[in-house]
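**Student:** Sharing run28.cif below, mmCIF, C-alpha atoms:
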data_target
loop_
_atom_site.label_atom_id
_atom_site.label_comp_id
_atom_site.auth_asym_id
_atom_site.auth_seq_id
_atom_site.Cartn_x
_atom_site.Cartn_y
_atom_site.Cartn_z
CA MET A 1 230.66 60.67 -27.39
CA PRO A 2 230.83 56.96 -28.09
CA ARG A 3 230.89 54.74 -25.07
CA GLU A 4 234.26 53.29 -24.25
CA GLN A 5 234.37 49.65 -25.19
CA GLN A 6 235.08 47.37 -22.27
CA PRO A 7 237.81 44.77 -22.73
CA ALA A 8 236.60 41.22 -23.16
CA THR A 9 236.62 39.24 -19.93
CA ARG A 10 239.05 36.36 -20.03
CA PRO A 11 237.96 33.07 -18.54
CA ALA A 12 239.61 32.37 -15.23
CA ARG A 13 242.61 30.08 -15.60
CA ARG A 14 242.88 27.12 -13.33
CA ARG A 15 245.90 27.15 -11.09
CA SER A 16 248.81 25.15 -12.40
CA TYR A 17 252.25 24.30 -11.15
CA ASP A 18 253.51 25.00 -14.70
CA GLN A 19 256.08 22.24 -14.41
CA PHE A 20 256.89 19.74 -17.16
CA CYS A 21 256.48 16.83 -14.76
CA ALA A 22 253.92 14.02 -14.78
CA GLY A 23 253.37 14.34 -11.04
CA ALA A 24 252.79 18.09 -11.29
CA ARG A 25 250.38 17.61 -14.20
CA ALA A 26 248.47 15.02 -12.17
CA LEU A 27 248.21 17.41 -9.24
CA ASP A 28 247.02 20.14 -11.61
CA ALA A 29 244.02 17.87 -12.27
CA VAL A 30 243.31 16.31 -8.88
CA GLY A 31 245.34 18.26 -6.34
CA ASP A 32 242.55 20.61 -5.28
CA ARG A 33 240.82 19.90 -1.97
CA TRP A 34 237.82 17.53 -2.33
CA THR A 35 238.57 16.38 -5.91
CA LEU A 36 239.87 12.91 -5.02
CA LEU A 37 237.07 12.40 -2.51
CA ILE A 38 234.56 13.19 -5.26
CA VAL A 39 236.31 10.54 -7.35
CA ARG A 40 235.94 8.14 -4.42
CA GLU A 41 232.19 8.72 -4.45
CA LEU A 42 231.87 8.40 -8.24
CA LEU A 43 233.72 5.08 -8.24
CA ALA A 44 230.44 3.79 -6.80
CA GLY A 45 228.74 4.66 -10.10
CA PRO A 46 226.68 7.62 -11.35
CA ARG A 47 225.63 9.96 -8.54
CA ARG A 48 223.28 12.92 -8.33
CA TYR A 49 224.61 16.22 -7.05
CA THR A 50 222.47 15.96 -3.92
CA ASP A 51 223.79 12.47 -3.18
CA LEU A 52 227.37 13.64 -3.60
CA HIS A 53 226.77 16.54 -1.26
CA ALA A 54 225.21 14.23 1.36
CA ASP A 55 228.17 11.83 1.28
CA LEU A 56 230.83 14.55 1.39
CA PRO A 57 230.18 16.10 4.82
CA GLY A 58 231.88 19.46 5.15
CA VAL A 59 231.97 20.47 1.48
CA SER A 60 230.07 23.64 0.57
CA THR A 61 227.67 23.65 -2.36
CA ASP A 62 229.81 26.25 -4.16
CA VAL A 63 233.00 24.24 -3.80
CA LEU A 64 231.33 21.00 -4.88
CA ALA A 65 229.85 22.64 -7.97
CA SER A 66 233.23 24.20 -8.80
CA ARG A 67 235.12 20.93 -8.41
CA LEU A 68 232.61 19.04 -10.55
CA LYS A 69 232.92 21.67 -13.27
CA ASP A 70 236.71 21.41 -13.13
CA MET A 71 236.48 17.62 -13.35
CA GLU A 72 234.27 17.90 -16.44
CA GLN A 73 236.67 20.33 -18.08
CA GLY A 74 239.61 18.09 -17.18
CA GLY A 75 238.02 15.00 -18.70
CA LEU A 76 237.62 13.16 -15.39
CA ALA A 77 233.83 13.22 -15.16
CA THR A 78 230.78 13.86 -17.30
CA ARG A 79 227.29 15.11 -16.50
CA ARG A 80 224.43 13.09 -17.96
CA ARG A 81 220.83 14.24 -17.88
CA LEU A 82 218.22 11.59 -17.05
CA PRO A 83 214.61 11.56 -18.25
CA PRO A 84 212.15 13.49 -16.00
CA PRO A 85 211.47 13.45 -13.13
CA ALA A 86 215.00 12.23 -12.38
CA ALA A 87 217.83 14.76 -12.15
CA ALA A 88 221.17 14.76 -13.90
CA VAL A 89 223.94 12.49 -12.66
CA TYR A 90 227.71 12.77 -12.65
CA GLU A 91 229.88 9.83 -13.62
CA LEU A 92 233.55 9.15 -14.15
CA THR A 93 235.13 8.93 -17.57
CA GLU A 94 237.62 6.20 -18.41
CA ARG A 95 240.38 8.59 -17.34
CA GLY A 96 238.57 9.23 -14.07
CA HIS A 97 238.26 5.49 -13.41
CA GLY A 98 242.02 5.28 -13.90
CA LEU A 99 242.38 6.98 -10.51
CA LEU A 100 241.25 3.82 -8.65
CA PRO A 101 244.81 2.56 -8.02
CA VAL A 102 245.81 6.08 -6.94
CA LEU A 103 243.04 6.17 -4.34
CA ALA A 104 243.79 2.60 -3.28
CA ALA A 105 247.44 3.52 -2.73
CA LEU A 106 246.46 6.64 -0.77
CA ALA A 107 244.08 4.57 1.37
CA GLU A 108 246.83 2.06 2.08
CA TRP A 109 249.28 4.84 2.98
CA GLY A 110 246.73 6.61 5.19
CA ALA A 111 245.43 3.49 6.93
CA PRO A 112 247.77 3.80 9.98
CA ALA A 113 246.18 7.18 10.73
CA LEU A 114 242.84 5.44 11.37
CA ALA A 115 244.00 3.77 14.56
CA GLU A 116 241.56 5.93 16.52
CA ARG A 117 238.24 7.40 15.39
CA ARG A 118 237.84 11.03 16.38
CA PRO A 119 234.49 12.24 17.79
CA THR A 120 234.18 14.69 14.89
CA ASP A 121 234.76 12.05 12.21
CA ALA A 122 231.89 11.40 9.80
CA VAL A 123 231.62 7.84 8.52
CA ARG A 124 229.88 6.07 5.65
CA ALA A 125 229.95 2.31 5.23
CA HIS A 126 231.14 2.40 1.62
CA TRP A 127 234.26 4.33 2.66
CA PHE A 128 235.56 0.97 3.89
CA ALA A 129 235.43 -0.44 0.35
CA LEU A 130 238.91 0.74 -0.66
CA PRO A 131 240.81 -0.98 2.17
CA LEU A 132 238.70 -4.10 1.74
CA LEU A 133 239.43 -4.22 -2.00
CA ARG A 134 243.12 -4.53 -1.18
CA ALA A 135 242.39 -7.66 0.85
CA LEU A 136 240.02 -9.07 -1.77
CA ASP A 137 242.35 -8.55 -4.72
CA GLY A 138 245.59 -9.41 -2.94
CA PRO A 139 247.10 -12.67 -1.65
CA GLY A 140 244.71 -14.48 0.65
CA GLY A 141 241.66 -13.13 -1.16
CA PRO A 142 238.99 -15.31 -2.80
CA ALA A 143 239.69 -16.91 -6.14
CA GLY A 144 236.65 -15.79 -8.07
CA ASP A 145 234.86 -12.89 -9.69
CA GLY A 146 231.55 -11.54 -8.50
CA VAL A 147 229.65 -9.08 -6.36
CA LEU A 148 230.09 -9.23 -2.61
CA ASP A 149 227.74 -7.67 -0.06
CA VAL A 150 229.55 -6.42 3.04
CA GLN A 151 227.79 -5.83 6.37
CA LEU A 152 229.38 -3.62 9.03
CA GLU A 153 227.85 -2.04 12.11
CA GLU A 154 228.18 1.25 10.21
CA GLY A 155 225.98 -0.03 7.36
CA GLU A 156 226.13 -2.17 4.25
CA PHE A 157 227.88 -1.77 0.91
CA HIS A 158 228.91 -4.01 -1.96
CA VAL A 159 232.10 -4.46 -3.95
CA ARG A 160 233.01 -6.14 -7.23
CA THR A 161 235.85 -8.63 -6.87
CA GLY A 162 238.24 -9.98 -9.46
CA VAL A 163 237.96 -8.86 -13.08
CA ARG A 164 235.85 -5.73 -13.56
CA GLU A 165 234.47 -4.34 -16.79
CA PRO A 166 236.20 -1.09 -17.78
CA GLY A 167 234.22 1.89 -16.51
CA SER A 168 231.93 -0.17 -14.28
CA ALA A 169 231.19 0.74 -10.67
CA VAL A 170 233.84 -0.68 -8.35
CA TYR A 171 231.64 -0.56 -5.24
CA GLY A 172 228.34 0.89 -4.13
CA ASP A 173 226.34 1.92 -1.11
CA GLY A 174 223.85 -0.62 0.27
CA PRO A 175 223.34 -4.22 -0.83
CA ALA A 176 223.66 -5.15 -4.50
CA ASP A 177 220.62 -6.11 -6.56
CA ARG A 178 222.23 -9.50 -7.09
CA ALA A 179 225.11 -10.48 -4.85
CA ASP A 180 227.13 -13.68 -5.24
CA ALA A 181 228.11 -13.79 -1.56
CA ARG A 182 227.81 -11.84 1.67
CA ILE A 183 230.21 -11.27 4.54
CA VAL A 184 229.72 -9.80 8.01
CA LEU A 185 232.64 -8.30 9.91
CA ASP A 186 233.50 -5.25 12.00
CA ALA A 187 235.10 -2.04 10.81
CA GLU A 188 238.32 -2.54 12.77
CA LEU A 189 238.93 -5.88 11.10
CA CYS A 190 238.11 -4.36 7.72
CA LEU A 191 240.82 -1.75 8.26
CA ALA A 192 243.25 -4.36 9.55
CA LEU A 193 242.71 -6.37 6.37
CA GLY A 194 243.45 -3.25 4.35
CA ARG A 195 246.69 -2.69 6.29
CA GLY A 196 247.75 -6.25 5.49
CA GLU A 197 247.76 -7.32 9.14
CA ALA A 198 245.67 -10.37 8.25
CA THR A 199 244.29 -12.04 5.15
CA LEU A 200 240.64 -12.57 4.44
CA THR A 201 241.20 -16.32 4.31
CA GLU A 202 242.69 -16.27 7.82
CA ALA A 203 239.88 -14.06 9.16
CA VAL A 204 237.23 -16.41 7.77
CA ARG A 205 239.01 -19.46 9.16
CA ASP A 206 239.30 -17.82 12.60
CA GLY A 207 235.58 -17.01 12.63
CA ARG A 208 236.08 -13.23 12.55
CA VAL A 209 234.27 -13.02 9.20
CA GLU A 210 230.91 -14.67 8.60
CA VAL A 211 230.31 -15.83 5.03
CA SER A 212 226.98 -16.72 3.44
CA GLY A 213 225.96 -17.60 -0.09
CA GLU A 214 226.48 -20.30 -2.68
CA GLY A 215 228.62 -20.42 -5.76
CA PRO A 216 232.32 -19.98 -6.54
CA LEU A 217 232.81 -16.64 -4.77
CA ALA A 218 231.28 -17.81 -1.49
CA ALA A 219 233.18 -21.09 -1.72
CA GLY A 220 236.42 -19.21 -2.38
CA LEU A 221 235.84 -17.04 0.67
CA ARG A 222 235.31 -20.13 2.80
CA GLY A 223 238.46 -21.71 1.34
CA GLU A 224 236.54 -24.62 -0.17
#
As structure tokens, please, write out the structure in this file.

**Tutor:**
Amino acid sequence: MPREQQPATRPARRRSYDQFCAGARALDAVGDRWTLLIVRELLAGPRRYTDLHADLPGVSTDVLASRLKDMEQGGLATRRRLPPPAAAVYELTERGHGLLPVLAALAEWGAPALAERRPTDAVRAHWFALPLLRALDGPGGPAGDGVLDVQLEEGEFHVRTGVREPGSAVYGDGPADRADARIVLDAELCLALGRGEATLTEAVRDGRVEVSGEGPLAAGLRGE
């Protein structure tokens, strides 16, 4: 007797709210756990899978791989293979980069919850970039474009101030190859700046932020 033909397996459908609402559609794309934090990491530029996993403490390898696949299918990220011996990297698309103001708004809204650091909290220096960007781009920030190295006790990162090229990295871990200025401050002040409790100009004037470097960006930070 002929073997019974098995029905074709349908690809699994991603969960959807099935609501004709812009907010619901947005959450269809980024509402899963870890997705926006992956975006946070990719705003620093192309990242290898192993680097993403290292900077997302608590995520399993299966979940990370699944979220990255969903982000590729949703047009938020792409996977680009590098020449050997380097591995492939993931990077945001233009649509993915459009989530920067969303993450910035979430960071501003969540800032009051960082009043106390829990013993179980992981920390990476570049996670302070989002609150600092609010201070840099808002009133009381420096008048100038450039790359700024930022030194905290937790480590060093760099951010791009002012006008940024579309699709370019907004910030990155460690010092930049070529920075226009450098500031030293503590994490608590960095968060306070993000909450709007002080301006960068005031913090520099009061001596709570140390500025070094030459050029327009450094001069703007010093209020010159």

**Student:** List, as a PyMOL selection string, every residue that the PyMOL selection byres ((chain A and resi 107-115) around 7) selects in the file provided.

**Tutor:** chain A and resi 103-106+116-117+130-131+194-195

**Student:** Those residues you just picked out, can you put them in a file as a compact mmCIF listing (two decimals), in the frame of the given file with C-alpha atoms?

**Tutor:**
# COMPACT_ATOMS: atom_id res chain seq x y z
CA LEU A 103 243.04 6.17 -4.34
CA ALA A 104 243.79 2.60 -3.28
CA ALA A 105 247.44 3.52 -2.73
CA LEU A 106 246.46 6.64 -0.77
CA GLU A 116 241.56 5.93 16.52
CA ARG A 117 238.24 7.40 15.39
CA LEU A 130 238.91 0.74 -0.66
CA PRO A 131 240.81 -0.98 2.17
CA GLY A 194 243.45 -3.25 4.35
CA ARG A 195 246.69 -2.69 6.29

**Student:** Using the chain letters and numbering of this document, enumerate as a list in words the residues selected by the PyMOL selection byres ((chain A and resi 147-160) around 6).

**Tutor:**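 This file, filtered by the PyMOL selection byres ((chain A and resi 147-160) around 6), leaves Ala125, His126, Gly146, Thr161, Val170, Tyr171, Gly172, Asp173, Gly174, Pro175, Ala176, Ala179, Asp180, Ala181, Arg182, Ile183, Val184, Leu185 and Asp186 of chain A.
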
**Student:** Just how far from atom CA of Ala77 of chain A is atom CA of Leu92 of chain A, in Å to one decimal?

**Tutor:**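 Those two atoms sit 4.2 Å apart.
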
**Student:** I need the output of the PyMOL selection byres ((chain A and resi 95) around 10) for this file as JSON, numbers by chain; which residues are they?

**Tutor:** {"A": [74, 75, 76, 77, 92, 93, 94, 96, 97, 98, 99, 100, 167]}

**Student:** As an exercise, work out the distance from atom CA of Leu189 of chain A to atom CA of Val209 of chain A in Å and give it to one decimal place.

**Tutor:**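 Atom-to-atom, atom CA of Leu189 of chain A to atom CA of Val209 of chain A, that is 8.7 Å.
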
**Student:** Taking all atoms listed in the file into account, which of A:Ala198, A:Gly23, A:Gly31, A:Arg178 comes nearest Gly213 of chain A?

**Tutor:**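 Distance minimum relative to Gly213 of chain A lands on A:Arg178.
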